[in-house]
$ cat model-v5.txt   # compact mmCIF, C-alpha atoms
# COMPACT_ATOMS: atom_id res chain seq x y z
CA MET A 205 13.49 -20.32 -2.44
CA GLU A 206 10.79 -17.90 -1.55
CA VAL A 207 8.82 -16.44 -4.45
CA VAL A 208 7.45 -12.93 -4.00
CA LYS A 209 4.39 -12.37 -6.19
CA VAL A 210 3.75 -8.95 -7.65
CA GLY A 211 0.12 -8.48 -8.72
CA MET A 212 -1.35 -6.21 -11.36
CA ALA A 213 -0.82 -2.57 -10.44
CA ASP A 214 1.44 -3.66 -7.60
CA LEU A 215 5.12 -3.33 -6.62
CA LYS A 216 7.46 -5.15 -4.22
CA ILE A 217 11.12 -5.50 -3.26
CA ALA A 218 13.06 -8.61 -2.26
CA PHE A 219 16.55 -9.60 -1.14
CA SER A 220 18.58 -12.55 -2.39
CA PRO A 221 17.78 -15.44 -2.64
CA GLN A 222 14.12 -14.50 -3.13
CA ILE A 223 12.52 -14.53 -6.58
CA LEU A 224 10.24 -11.73 -7.72
CA THR A 225 7.55 -12.67 -10.22
CA THR A 226 4.60 -11.15 -12.02
CA LEU A 227 2.25 -13.17 -14.20
CA GLY A 228 0.59 -12.47 -17.52
CA LEU A 229 1.96 -9.12 -18.60
CA GLY A 230 0.09 -7.96 -21.68
CA SER A 231 0.05 -4.27 -22.48
CA CYS A 232 1.38 -3.77 -18.95
CA VAL A 233 5.11 -3.39 -18.36
CA GLY A 234 7.11 -5.26 -15.73
CA VAL A 235 9.91 -3.06 -14.42
CA VAL A 236 12.79 -4.58 -12.49
CA LEU A 237 15.28 -2.50 -10.52
CA TYR A 238 18.38 -4.16 -9.08
CA ASP A 239 21.25 -3.22 -6.84
CA PRO A 240 23.80 -5.96 -7.63
CA PHE A 241 26.05 -5.00 -4.71
CA ILE A 242 23.54 -5.86 -1.97
CA LYS A 243 21.47 -8.17 -4.24
CA LEU A 244 18.26 -6.28 -3.69
CA GLY A 245 15.61 -6.43 -6.41
CA GLY A 246 12.39 -4.52 -6.96
CA MET A 247 9.55 -5.20 -9.38
CA ALA A 248 6.55 -3.14 -10.49
CA HIS A 249 3.61 -4.19 -12.72
CA ILE A 250 2.66 -0.97 -14.48
CA MET A 251 -0.62 -0.57 -16.34
CA LEU A 252 -0.74 3.05 -17.47
CA PRO A 253 1.81 5.62 -18.63
CA SER A 254 0.91 8.61 -16.49
CA SER A 255 -0.92 9.45 -13.28
CA LYS A 256 -1.56 12.92 -14.62
CA GLN A 257 -4.19 11.84 -17.17
CA ILE A 258 -6.46 10.24 -14.62
CA LYS A 259 -8.64 11.58 -11.84
CA ASN A 260 -8.90 8.42 -9.76
CA ASN A 261 -5.28 7.72 -9.00
CA SER A 262 -5.23 6.43 -5.46
CA ASN A 263 -3.18 3.35 -6.40
CA LYS A 264 0.16 4.83 -7.41
CA ALA A 265 1.68 1.47 -8.35
CA LYS A 266 -0.28 1.32 -11.60
CA PHE A 267 1.31 4.33 -13.32
CA ALA A 268 4.80 4.46 -14.85
CA ASP A 269 5.67 7.82 -13.28
CA THR A 270 4.50 7.25 -9.72
CA ALA A 271 5.36 3.53 -9.58
CA ILE A 272 8.99 4.10 -10.56
CA ASP A 273 9.29 6.90 -7.98
CA MET A 274 7.84 4.61 -5.31
CA LEU A 275 9.97 1.64 -6.26
CA VAL A 276 13.18 3.71 -6.24
CA GLU A 277 12.26 5.08 -2.83
CA LYS A 278 11.57 1.61 -1.41
CA MET A 279 14.89 0.32 -2.77
CA LEU A 280 16.82 3.21 -1.25
CA ASP A 281 15.02 2.79 2.10
CA ALA A 282 16.11 -0.85 2.10
CA GLY A 283 19.75 0.11 1.62
CA ALA A 284 20.22 0.34 -2.16
CA VAL A 285 22.44 3.07 -3.59
CA LYS A 286 20.90 4.95 -6.48
CA THR A 287 24.02 5.07 -8.66
CA ARG A 288 24.30 1.28 -8.45
CA LEU A 289 20.74 0.64 -9.67
CA ILE A 290 20.19 -1.02 -13.02
CA SER A 291 16.93 -1.90 -14.72
CA LYS A 292 15.41 -4.61 -16.91
CA ILE A 293 11.96 -4.33 -18.44
CA ALA A 294 9.49 -6.62 -20.24
CA GLY A 295 5.94 -6.38 -21.59
CA GLY A 296 4.11 -3.60 -23.37
CA ALA A 297 2.52 -5.87 -25.98
CA GLN A 298 -0.44 -5.13 -28.19
CA MET A 299 -2.88 -7.91 -27.30
CA PHE A 300 -5.77 -6.99 -29.59
CA SER A 301 -5.72 -5.41 -32.99
CA PHE A 302 -8.80 -3.43 -33.85
CA LYS A 303 -9.43 -2.19 -37.34
CA GLY A 304 -8.82 1.50 -37.61
CA ASN A 305 -6.80 3.70 -35.40
CA ASN A 306 -7.58 2.99 -31.80
CA GLU A 307 -5.40 4.76 -29.26
CA ILE A 308 -6.22 2.42 -26.38
CA MET A 309 -4.82 -0.48 -28.41
CA LYS A 310 -1.42 1.20 -28.48
CA ILE A 311 -1.28 1.40 -24.71
CA GLY A 312 1.59 -1.12 -24.56
CA GLU A 313 3.83 1.06 -26.69
CA ARG A 314 2.97 4.14 -24.65
CA ASN A 315 3.69 2.27 -21.39
CA VAL A 316 7.15 1.26 -22.63
CA ARG A 317 7.95 4.81 -23.71
CA ALA A 318 6.83 6.22 -20.35
CA VAL A 319 8.81 3.64 -18.36
CA LYS A 320 12.00 4.45 -20.28
CA GLU A 321 11.43 8.15 -19.79
CA HIS A 322 11.05 7.83 -16.02
CA LEU A 323 14.02 5.48 -15.67
CA ALA A 324 16.08 8.09 -17.52
CA ARG A 325 14.73 10.80 -15.23
CA HIS A 326 16.17 8.85 -12.28
CA SER A 327 19.40 8.20 -14.28
CA ILE A 328 18.88 4.45 -13.94
CA LYS A 329 20.56 2.46 -16.67
CA LEU A 330 18.30 0.15 -18.69
CA VAL A 331 20.48 -2.90 -19.31
CA ALA A 332 18.01 -5.26 -20.99
CA GLU A 333 14.51 -5.27 -22.43
CA ASP A 334 12.01 -7.60 -24.08
CA VAL A 335 9.11 -5.40 -25.06
CA GLU A 336 6.16 -4.91 -27.44
CA GLY A 337 5.18 -7.64 -29.90
CA LYS A 338 1.74 -9.28 -29.72
CA TYR A 339 1.97 -11.78 -26.89
CA GLY A 340 1.78 -12.04 -23.13
CA ARG A 341 4.73 -12.62 -20.82
CA THR A 342 5.30 -14.00 -17.33
CA ILE A 343 8.51 -12.80 -15.74
CA GLU A 344 10.69 -14.03 -12.86
CA PHE A 345 13.62 -12.10 -11.45
CA PHE A 346 16.34 -13.96 -9.57
CA THR A 347 17.83 -11.58 -7.00
CA GLU A 348 20.75 -13.96 -6.44
CA THR A 349 22.00 -13.77 -10.04
CA GLY A 350 20.23 -10.72 -11.48
CA VAL A 351 18.74 -12.86 -14.26
CA LEU A 352 15.27 -12.09 -15.60
CA LYS A 353 13.45 -15.11 -17.05
CA ILE A 354 10.60 -14.56 -19.49
CA ARG A 355 8.00 -17.20 -20.33
CA THR A 356 5.35 -16.95 -23.05
CA ILE A 357 2.71 -19.19 -24.59
CA GLY A 358 3.98 -20.13 -28.03
CA HIS A 359 6.55 -17.34 -28.35
CA GLY A 360 9.51 -18.96 -26.68
CA TYR A 361 11.55 -18.50 -23.53
CA LYS A 362 14.19 -15.88 -22.84
CA GLU A 363 16.73 -14.96 -20.20
CA LEU A 364 17.87 -11.38 -19.87
CA MET B 47 -22.74 8.64 -9.41
CA ALA B 48 -20.18 6.36 -7.81
CA ASN B 49 -20.78 2.62 -7.87
CA GLU B 50 -20.84 2.74 -4.07
CA ASN B 51 -24.29 4.37 -4.14
CA LEU B 52 -25.92 1.23 -5.49
CA LYS B 53 -28.48 -0.49 -3.32
CA ASP B 54 -30.01 -3.98 -3.45
CA ILE B 55 -32.76 -2.88 -5.79
CA HIS B 56 -30.17 -1.60 -8.26
CA PHE B 57 -28.30 -4.88 -8.17
CA ASP B 58 -31.57 -6.71 -8.84
CA ILE B 59 -32.25 -4.51 -11.83
CA LEU B 60 -28.74 -4.99 -13.18
CA LYS B 61 -29.17 -8.76 -12.81
CA GLU B 62 -32.39 -8.50 -14.76
CA ILE B 63 -30.58 -6.51 -17.44
CA GLY B 64 -27.99 -9.28 -17.58
CA ASN B 65 -30.76 -11.86 -17.78
CA ILE B 66 -32.49 -10.20 -20.69
CA GLY B 67 -29.28 -9.79 -22.65
CA ALA B 68 -27.88 -13.22 -21.88
CA GLY B 69 -31.21 -14.96 -22.51
CA ASN B 70 -31.20 -13.64 -26.04
CA ALA B 71 -27.52 -14.45 -26.47
CA ALA B 72 -28.01 -18.03 -25.23
CA THR B 73 -30.80 -18.50 -27.76
CA ALA B 74 -28.56 -17.20 -30.54
CA LEU B 75 -25.76 -19.55 -29.50
CA ALA B 76 -28.17 -22.48 -29.24
CA GLN B 77 -29.39 -21.83 -32.79
CA LEU B 78 -25.85 -21.47 -34.08
CA LEU B 79 -24.76 -24.80 -32.56
CA ASN B 80 -28.12 -26.51 -32.74
CA LYS B 81 -27.75 -27.48 -29.09
CA LYS B 82 -29.40 -26.67 -25.82
CA ILE B 83 -27.48 -23.90 -24.07
CA ASP B 84 -28.10 -23.06 -20.43
CA MET B 85 -27.08 -20.00 -18.56
CA ASN B 86 -26.82 -19.15 -14.88
CA VAL B 87 -28.41 -16.24 -13.06
CA PRO B 88 -26.23 -13.24 -13.81
CA LYS B 89 -23.88 -12.10 -11.08
CA VAL B 90 -23.38 -8.41 -10.46
CA ASN B 91 -20.23 -7.41 -8.65
CA ILE B 92 -18.25 -4.30 -7.99
CA LEU B 93 -14.57 -5.18 -7.99
CA PRO B 94 -11.22 -3.42 -7.88
CA ILE B 95 -10.10 -3.51 -11.50
CA ASN B 96 -6.91 -5.47 -10.83
CA GLU B 97 -8.97 -8.29 -9.27
CA ILE B 98 -11.15 -8.81 -12.33
CA PRO B 99 -8.96 -11.48 -14.01
CA LYS B 100 -9.56 -13.85 -11.07
CA VAL B 101 -13.26 -13.98 -11.99
CA PHE B 102 -12.30 -15.88 -15.13
CA GLY B 103 -9.60 -18.21 -13.81
CA ASN B 104 -5.84 -18.29 -13.27
CA ILE B 105 -3.75 -15.44 -14.64
CA GLU B 106 -1.63 -17.75 -16.79
CA ASP B 107 -4.50 -19.85 -18.21
CA LEU B 108 -4.62 -19.89 -21.98
CA VAL B 109 -7.89 -18.25 -23.04
CA VAL B 110 -9.68 -16.80 -26.03
CA ALA B 111 -11.21 -13.40 -25.52
CA VAL B 112 -13.43 -11.49 -27.88
CA TYR B 113 -13.51 -7.86 -26.89
CA MET B 114 -15.73 -4.97 -27.92
CA GLN B 115 -16.10 -1.45 -26.71
CA LEU B 116 -19.46 0.26 -26.49
CA SER B 117 -19.79 3.89 -27.34
CA GLY B 118 -22.61 6.41 -27.36
CA ARG B 119 -24.90 7.20 -24.43
CA ILE B 120 -24.17 3.77 -22.99
CA SER B 121 -20.43 3.20 -23.05
CA GLY B 122 -18.35 0.41 -21.61
CA ASN B 123 -16.64 -2.87 -22.35
CA ILE B 124 -17.86 -6.28 -23.39
CA LEU B 125 -15.84 -9.45 -23.05
CA PHE B 126 -16.58 -12.99 -24.07
CA VAL B 127 -13.95 -15.25 -22.53
CA LEU B 128 -13.45 -18.98 -23.02
CA GLY B 129 -10.84 -21.32 -21.59
CA GLU B 130 -8.73 -23.28 -24.09
CA GLN B 131 -10.70 -26.53 -23.88
CA ASP B 132 -14.05 -24.73 -23.99
CA ALA B 133 -13.02 -22.68 -27.01
CA LEU B 134 -11.84 -25.81 -28.83
CA LYS B 135 -15.10 -27.62 -28.08
CA LEU B 136 -17.13 -24.68 -29.31
CA LEU B 137 -15.05 -24.29 -32.42
CA ASN B 138 -15.09 -27.99 -33.24
CA MET B 139 -18.87 -28.10 -32.84
CA LEU B 140 -19.19 -25.17 -35.16
CA VAL B 141 -16.75 -26.04 -37.93
CA GLY B 142 -16.97 -29.83 -37.55
CA GLN B 143 -13.20 -30.24 -37.38
CA ASP B 144 -10.94 -31.72 -34.78
CA ILE B 145 -8.64 -28.92 -33.69
CA ASP B 146 -6.61 -29.89 -30.62
CA SER B 147 -4.68 -26.74 -29.80
CA LEU B 148 -5.48 -23.07 -29.75
CA SER B 149 -2.00 -22.15 -30.87
CA LYS B 150 -2.64 -23.94 -34.15
CA LEU B 151 -5.66 -21.86 -35.19
CA ASP B 152 -5.50 -20.51 -38.72
CA GLU B 153 -7.00 -17.18 -39.76
CA MET B 154 -10.25 -18.85 -40.84
CA GLN B 155 -10.74 -20.54 -37.46
CA LYS B 156 -9.86 -17.34 -35.65
CA SER B 157 -12.44 -15.42 -37.59
CA ALA B 158 -15.01 -18.16 -36.83
CA MET B 159 -14.21 -17.54 -33.14
CA VAL B 160 -14.67 -13.78 -33.59
CA GLU B 161 -17.95 -14.45 -35.37
CA ILE B 162 -19.24 -16.52 -32.44
CA GLY B 163 -18.31 -13.67 -30.12
CA ASN B 164 -19.95 -11.23 -32.47
CA ILE B 165 -23.23 -13.13 -32.62
CA ILE B 166 -23.42 -13.63 -28.87
CA THR B 167 -22.50 -10.06 -28.11
CA GLY B 168 -24.75 -8.67 -30.82
CA SER B 169 -27.81 -10.53 -29.48
CA TYR B 170 -26.99 -9.52 -25.91
CA ILE B 171 -26.72 -5.86 -26.86
CA SER B 172 -29.79 -5.77 -29.06
CA ALA B 173 -31.99 -7.29 -26.33
CA LEU B 174 -30.59 -4.84 -23.83
CA SER B 175 -30.94 -1.94 -26.17
CA ASP B 176 -34.63 -2.81 -26.85
CA PHE B 177 -35.27 -3.09 -23.13
CA ILE B 178 -33.84 0.25 -22.11
CA ARG B 179 -34.75 1.90 -25.42
CA ILE B 180 -31.34 3.42 -25.99
CA PRO B 181 -29.34 2.43 -29.05
CA MET B 182 -25.99 0.85 -28.17
CA ILE B 183 -23.05 1.03 -30.56
CA PRO B 184 -20.48 -1.77 -30.34
CA SER B 185 -17.02 -1.49 -31.93
CA VAL B 186 -15.71 -4.06 -34.37
CA PRO B 187 -14.82 -7.14 -32.28
CA ALA B 188 -11.17 -7.96 -31.64
CA ILE B 189 -9.76 -11.30 -30.60
CA SER B 190 -6.80 -12.30 -28.48
CA ILE B 191 -5.54 -15.78 -27.62
CA ASP B 192 -3.00 -15.79 -24.82
CA MET B 193 -2.57 -15.81 -21.02
CA LEU B 194 -5.68 -14.58 -19.24
CA GLY B 195 -3.91 -11.73 -17.44
CA ALA B 196 -2.20 -10.53 -20.61
CA VAL B 197 -5.38 -10.67 -22.66
CA LEU B 198 -7.38 -8.71 -20.10
CA SER B 199 -4.70 -6.07 -19.52
CA THR B 200 -5.87 -3.83 -22.34
CA PRO B 201 -9.58 -3.76 -21.45
CA LEU B 202 -8.67 -3.30 -17.77
CA THR B 203 -6.42 -0.39 -18.62
CA GLU B 204 -9.29 1.18 -20.53
CA MET B 205 -11.48 0.83 -17.42
CA TYR B 206 -8.89 2.51 -15.23
CA TYR B 207 -9.56 5.76 -17.07
CA LYS B 208 -13.02 5.74 -15.45
CA GLY B 209 -12.21 4.65 -11.91
CA ASP B 210 -10.45 2.16 -9.64
CA THR B 211 -13.39 -0.22 -9.44
CA ALA B 212 -15.72 -1.57 -12.10
CA LEU B 213 -19.20 -3.02 -12.07
CA LEU B 214 -19.40 -6.39 -13.79
CA ILE B 215 -22.56 -8.06 -15.04
CA GLU B 216 -21.41 -11.63 -15.53
CA THR B 217 -23.25 -14.54 -17.09
CA LYS B 218 -21.99 -18.05 -17.57
CA PHE B 219 -23.16 -20.08 -20.57
CA MET B 220 -22.93 -23.83 -20.54
CA ASP B 221 -23.82 -26.98 -22.33
CA TYR B 222 -24.03 -29.73 -19.71
CA LYS B 223 -23.85 -32.53 -22.21
CA ASP B 224 -20.55 -31.50 -23.73
CA HIS B 225 -19.21 -29.76 -20.63
CA PHE B 226 -18.68 -26.55 -22.44
CA LYS B 227 -18.83 -23.19 -20.69
CA GLY B 228 -18.05 -19.55 -21.40
CA HIS B 229 -18.14 -16.23 -19.60
CA PHE B 230 -19.90 -13.20 -20.89
CA ILE B 231 -19.23 -9.94 -19.14
CA LEU B 232 -20.66 -6.49 -19.60
CA ILE B 233 -18.84 -3.69 -17.82
CA PRO B 234 -20.74 -0.44 -18.24
CA ASP B 235 -18.90 2.79 -17.50
CA PRO B 236 -20.01 4.39 -14.21
CA LYS B 237 -21.73 7.21 -16.08
CA SER B 238 -23.67 4.76 -18.24
CA ILE B 239 -25.07 2.93 -15.23
CA GLU B 240 -26.77 6.16 -14.28
CA VAL B 241 -28.08 6.59 -17.84
CA MET B 242 -29.53 3.05 -17.76
CA PHE B 243 -31.34 3.59 -14.47
CA THR B 244 -32.70 6.93 -15.62
CA ALA B 245 -33.97 5.34 -18.84
CA LEU B 246 -35.74 2.68 -16.76
CA GLY B 247 -37.26 5.30 -14.46
CA VAL B 248 -35.31 4.12 -11.42
CA ASN B 249 -34.12 6.61 -8.85
CA TYR B 250 -30.38 6.32 -8.69
CA ASN B 251 -29.10 8.68 -6.04
CA GLY B 252 -32.13 9.02 -3.80
CA GLY B 253 -32.05 5.53 -2.34
CA GLY B 254 -34.36 3.52 -4.67

$ encode --input "model-v5.txt" --output "structure tokens"
Amino acid sequence: MEVVKVGMADLKIAFSPQILTTLGLGSCVGVVLYDPFIKLGGMAHIMLPSSKQIKNNSNKAKFADTAIDMLVEKMLDAGAVKTRLISKIAGGAQMFSFKGNNEIMKIGERNVRAVKEHLARHSIKLVAEDVEGKYGRTIEFFTETGVLKIRTIGHGYKEL
Amino acid sequence: MANENLKDIHFDILKEIGNIGAGNAATALAQLLNKKIDMNVPKVNILPINEIPKVFGNIEDLVVAVYMQLSGRISGNILFVLGEQDALKLLNMLVGQDIDSLSKLDEMQKSAMVEIGNIITGSYISALSDFIRIPMIPSVPAISIDMLGAVLSTPLTEMYYKGDTALLIETKFMDYKDHFKGHFILIPDPKSIEVMFTALGVNYNGGG
């Protein structure tokens, strides 16, 4: 089965039986969209909550707002129907803890919040999530079954 | 003030900056371990931020990273990254124990790891600070032990607020006898690179 790799600040779509994967999510969030009827999946590796806070925003795949817009558009172009789309998300961890109140360290939490907000804006149902905590995650999405597998180092294995 | 304006002479100066900092840091590490520590000639690269993890290894490699932010006139990020085996070697040399897995580190061993990072980073910064005669203020160090990509995601995100690419001054430390190596990386913010050149009396925009 062909594995489609999604890099950091990247997004891709794939039809069954391909597998979409992104490695080493930390404070980033992996967003999966799926149209179960035509077995089309999409995955984005989001790094930041909003494109509006940043001047240099040429790569739209790295922000929650613009990446979700782009991914939805790609899915629809490939034949997905918006009302059929569901979503699964993982990531948004806090990898370092600094003493004191450091906003950048809460980036994971803010990413998760932004992703949920933009999924809701598109009226896409979030059916499963494995977010926050203090550890990294590698995710694999099986377009054939709609299962999202989550691997960690020392924090177990999950299927959503 | 974009990184793209840099010419050969600027890269040479940045390498020298890396050399001065890392030379001092290698000495500190050598004293700490009572061993001979070598270092390579620093590499200076401008990379798209999402390609930075590849400099250190595979995205899913288990690593230890000690991370500090610099603030003040010179701002940026500092990372000291070690692969699992390298970190264990370093830690075992230091504490004289026989720890065989990073996931089994207790709080004491973790803070020993942070302290190593702190000493190395501190000596790097103080040499650099003396050289350019601008005080540099590091944050309290933070540690993370996990997949390389996951560990780096937070510092990389921080860099994205300043641009899509980052300039890395990278030095590798090694002990040939015990096959131990570690990466030290300074990533000054684009604005700070200009401040450094100005402090050194180097023309930045006019073509060096």

$ residues_around --input "model-v5.txt" --residues "B:Ala196" --least-positions-apart "5" --cutoff "8 Å" --atoms "all atoms listed in the file" --output "list in words"
Gly228, Leu229, Gly230, Ser231, Cys232, Met299, Tyr339, Gly340 and Arg341 of chain A; Ile105 of chain B

$ closest_atom_pairs --input "model-v5.txt" --of "chain A" --to "chain B" --cutoff "9 Å" --atoms "only C-alpha atoms" --output "CSV"
residue,atom,partner,partner_atom,distance
A:Gly211,CA,B:Asn96,CA,7.9
A:Met212,CA,B:Asn96,CA,5.6
A:Ala213,CA,B:Asn96,CA,6.8
A:Leu227,CA,B:Ile105,CA,6.4
A:Gly228,CA,B:Gly195,CA,4.6
A:Leu229,CA,B:Ala196,CA,4.8
A:Gly230,CA,B:Ala196,CA,3.6
A:Ser231,CA,B:Ser199,CA,5.9
A:Cys232,CA,B:Ser199,CA,6.5
A:Met251,CA,B:Thr203,CA,6.2
A:Leu252,CA,B:Thr203,CA,6.7
A:Gln257,CA,B:Tyr207,CA,8.1
A:Ile258,CA,B:Tyr207,CA,6.0
A:Lys259,CA,B:Gly209,CA,7.8
A:Asn260,CA,B:Gly209,CA,5.5
A:Asn261,CA,B:Asp210,CA,7.6
A:Ser262,CA,B:Asp210,CA,7.9
A:Asn263,CA,B:Asp210,CA,8.0
A:Ala297,CA,B:Ala196,CA,8.5
A:Gln298,CA,B:Thr200,CA,8.1
A:Met299,CA,B:Val197,CA,5.9
A:Phe300,CA,B:Ser190,CA,5.5
A:Ser301,CA,B:Ala188,CA,6.2
A:Phe302,CA,B:Ala188,CA,5.6
A:Lys303,CA,B:Val186,CA,7.2
A:Ile308,CA,B:Glu204,CA,6.7
A:Met309,CA,B:Thr200,CA,7.0
A:Ile311,CA,B:Thr200,CA,7.4
A:Gly312,CA,B:Thr200,CA,8.2
A:Tyr339,CA,B:Asp192,CA,6.7
A:Gly340,CA,B:Ala196,CA,4.9
A:Arg341,CA,B:Ala196,CA,7.2
A:Thr342,CA,B:Glu106,CA,7.9
A:Thr356,CA,B:Met193,CA,8.3
A:Ile357,CA,B:Asp192,CA,6.6
A:Gly358,CA,B:Ser149,CA,6.9

$ residues_near_point --input "model-v5.txt" --point "(15.1, 1.7, -14.1)" --cutoff "6 Å" --atoms "only C-alpha atoms" --output "PyMOL selection string"
chain A and resi 237+290-291+323+328+330

$ atom_distance --input "model-v5.txt" --atom1 "atom CA of A:Glu206" --atom2 "atom CA of A:Leu224"
8.7 Å

$ atom_distance --input "model-v5.txt" --atom1 "atom CA of B:Gly118" --atom2 "atom CA of B:Arg179"
13.1 Å

$ closest_residue --input "model-v5.txt" --among "A:Ala294, A:Leu280, A:Leu275, A:Leu289" --to "A:Phe345" --atoms "only C-alpha atoms"
A:Ala294

$ residues_around --input "model-v5.txt" --residues "stretch 136-143 of chain B" --least-positions-apart "6" --cutoff "12 Å" --atoms "all atoms listed in the file" --output "compact mmCIF listing (two decimals) with C-alpha atoms, in the frame of the given file"
# COMPACT_ATOMS: atom_id res chain seq x y z
CA LEU B 75 -25.76 -19.55 -29.50
CA ALA B 76 -28.17 -22.48 -29.24
CA GLN B 77 -29.39 -21.83 -32.79
CA LEU B 78 -25.85 -21.47 -34.08
CA LEU B 79 -24.76 -24.80 -32.56
CA ASN B 80 -28.12 -26.51 -32.74
CA LYS B 81 -27.75 -27.48 -29.09
CA ILE B 83 -27.48 -23.90 -24.07
CA VAL B 110 -9.68 -16.80 -26.03
CA LEU B 128 -13.45 -18.98 -23.02
CA GLY B 129 -10.84 -21.32 -21.59
CA GLU B 130 -8.73 -23.28 -24.09
CA LEU B 151 -5.66 -21.86 -35.19
CA MET B 154 -10.25 -18.85 -40.84
CA GLN B 155 -10.74 -20.54 -37.46
CA LYS B 156 -9.86 -17.34 -35.65
CA SER B 157 -12.44 -15.42 -37.59
CA ALA B 158 -15.01 -18.16 -36.83
CA MET B 159 -14.21 -17.54 -33.14
CA VAL B 160 -14.67 -13.78 -33.59
CA GLU B 161 -17.95 -14.45 -35.37
CA ILE B 162 -19.24 -16.52 -32.44
CA GLY B 163 -18.31 -13.67 -30.12
CA PHE B 219 -23.16 -20.08 -20.57
CA MET B 220 -22.93 -23.83 -20.54
CA ASP B 221 -23.82 -26.98 -22.33
CA ASP B 224 -20.55 -31.50 -23.73
CA HIS B 225 -19.21 -29.76 -20.63
CA PHE B 226 -18.68 -26.55 -22.44
CA LYS B 227 -18.83 -23.19 -20.69
CA GLY B 228 -18.05 -19.55 -21.40

$ residues_around --input "model-v5.txt" --residues "B:Ile92" --least-positions-apart "3" --cutoff "7 Å" --atoms "all atoms listed in the file" --output "PyMOL selection string"
chain B and resi 211-214

$ residues_around --input "model-v5.txt" --residues "B:Ile63" --least-positions-apart "5" --cutoff "10 Å" --atoms "all atoms listed in the file" --output "VMD selection string"
chain B and resid 57 to 58 68 to 69 88 170 173 to 175 177 to 178 215 242

$ atom_distance --input "model-v5.txt" --atom1 "atom CA of B:Phe126" --atom2 "atom CA of B:Leu232"
8.9 Å

$ closest_residue --input "model-v5.txt" --among "B:Ser238, B:Ser147, B:Gly247, B:Pro181" --to "B:Ile120" --atoms "all atoms listed in the file"
B:Ser238

$ residues_around --input "model-v5.txt" --residues "A:Ala218" --least-positions-apart "6" --cutoff "12 Å" --atoms "all atoms listed in the file" --output "PyMOL selection string"
chain A and resi 205-210+224-225+236-239+242-248+275+278-279+282-284+345-348+350

$ closest_residue --input "model-v5.txt" --among "B:Ile239, B:Leu148, B:Met85, B:Leu246" --to "B:Asn51" --atoms "all atoms listed in the file"
B:Ile239

$ closest_residue --input "model-v5.txt" --among "A:Gly234, A:Val285, A:Lys338, A:Phe267" --to "A:Ile354" --atoms "all atoms listed in the file"
A:Gly234

$ axis_aligned_box --input "model-v5.txt" --around "stretch 101-112 of chain B" --padding-each-side "5 Å" --output "lines of an AutoDock Vina configuration file"
center_x = -7.5
center_y = -15.7
center_z = -19.9
size_x = 21.8
size_y = 18.4
size_z = 25.9

$ build_atoms --input "model-v5.txt" --residues "stretch 84-96 of chain B" --atoms "N, CA and C atoms" --output "PDB file, in the frame of the given file"
ATOM      1  N   ASP B  84     -27.573 -23.612 -21.688  1.00  0.00           N
ATOM      2  CA  ASP B  84     -28.100 -23.060 -20.430  1.00  0.00           C
ATOM      3  C   ASP B  84     -27.279 -21.863 -20.014  1.00  0.00           C
ATOM      4  N   MET B  85     -27.869 -21.083 -19.122  1.00  0.00           N
ATOM      5  CA  MET B  85     -27.080 -20.000 -18.560  1.00  0.00           C
ATOM      6  C   MET B  85     -27.424 -19.865 -17.081  1.00  0.00           C
ATOM      7  N   ASN B  86     -26.517 -19.313 -16.300  1.00  0.00           N
ATOM      8  CA  ASN B  86     -26.820 -19.150 -14.880  1.00  0.00           C
ATOM      9  C   ASN B  86     -27.446 -17.776 -14.641  1.00  0.00           C
ATOM     10  N   VAL B  87     -27.883 -17.560 -13.422  1.00  0.00           N
ATOM     11  CA  VAL B  87     -28.410 -16.240 -13.060  1.00  0.00           C
ATOM     12  C   VAL B  87     -27.226 -15.276 -13.055  1.00  0.00           C
ATOM     13  N   PRO B  88     -27.365 -14.159 -13.745  1.00  0.00           N
ATOM     14  CA  PRO B  88     -26.230 -13.240 -13.810  1.00  0.00           C
ATOM     15  C   PRO B  88     -25.756 -12.808 -12.426  1.00  0.00           C
ATOM     16  N   LYS B  89     -24.450 -12.620 -12.324  1.00  0.00           N
ATOM     17  CA  LYS B  89     -23.880 -12.100 -11.080  1.00  0.00           C
ATOM     18  C   LYS B  89     -23.505 -10.652 -11.323  1.00  0.00           C
ATOM     19  N   VAL B  90     -23.788  -9.814 -10.347  1.00  0.00           N
ATOM     20  CA  VAL B  90     -23.380  -8.410 -10.460  1.00  0.00           C
ATOM     21  C   VAL B  90     -22.430  -8.112  -9.317  1.00  0.00           C
ATOM     22  N   ASN B  91     -21.247  -7.673  -9.667  1.00  0.00           N
ATOM     23  CA  ASN B  91     -20.230  -7.410  -8.650  1.00  0.00           C
ATOM     24  C   ASN B  91     -19.502  -6.110  -8.919  1.00  0.00           C
ATOM     25  N   ILE B  92     -19.141  -5.448  -7.849  1.00  0.00           N
ATOM     26  CA  ILE B  92     -18.250  -4.300  -7.990  1.00  0.00           C
ATOM     27  C   ILE B  92     -16.885  -4.740  -7.481  1.00  0.00           C
ATOM     28  N   LEU B  93     -15.887  -4.669  -8.353  1.00  0.00           N
ATOM     29  CA  LEU B  93     -14.570  -5.180  -7.990  1.00  0.00           C
ATOM     30  C   LEU B  93     -13.479  -4.165  -8.285  1.00  0.00           C
ATOM     31  N   PRO B  94     -12.400  -4.192  -7.478  1.00  0.00           N
ATOM     32  CA  PRO B  94     -11.220  -3.420  -7.880  1.00  0.00           C
ATOM     33  C   PRO B  94     -10.766  -3.973  -9.233  1.00  0.00           C
ATOM     34  N   ILE B  95     -10.387  -3.092 -10.133  1.00  0.00           N
ATOM     35  CA  ILE B  95     -10.100  -3.510 -11.500  1.00  0.00           C
ATOM     36  C   ILE B  95      -9.014  -4.584 -11.576  1.00  0.00           C
ATOM     37  N   ASN B  96      -7.978  -4.472 -10.725  1.00  0.00           N
ATOM     38  CA  ASN B  96      -6.910  -5.470 -10.830  1.00  0.00           C
ATOM     39  C   ASN B  96      -7.306  -6.840 -10.286  1.00  0.00           C
TER      40      ASN B  96
END
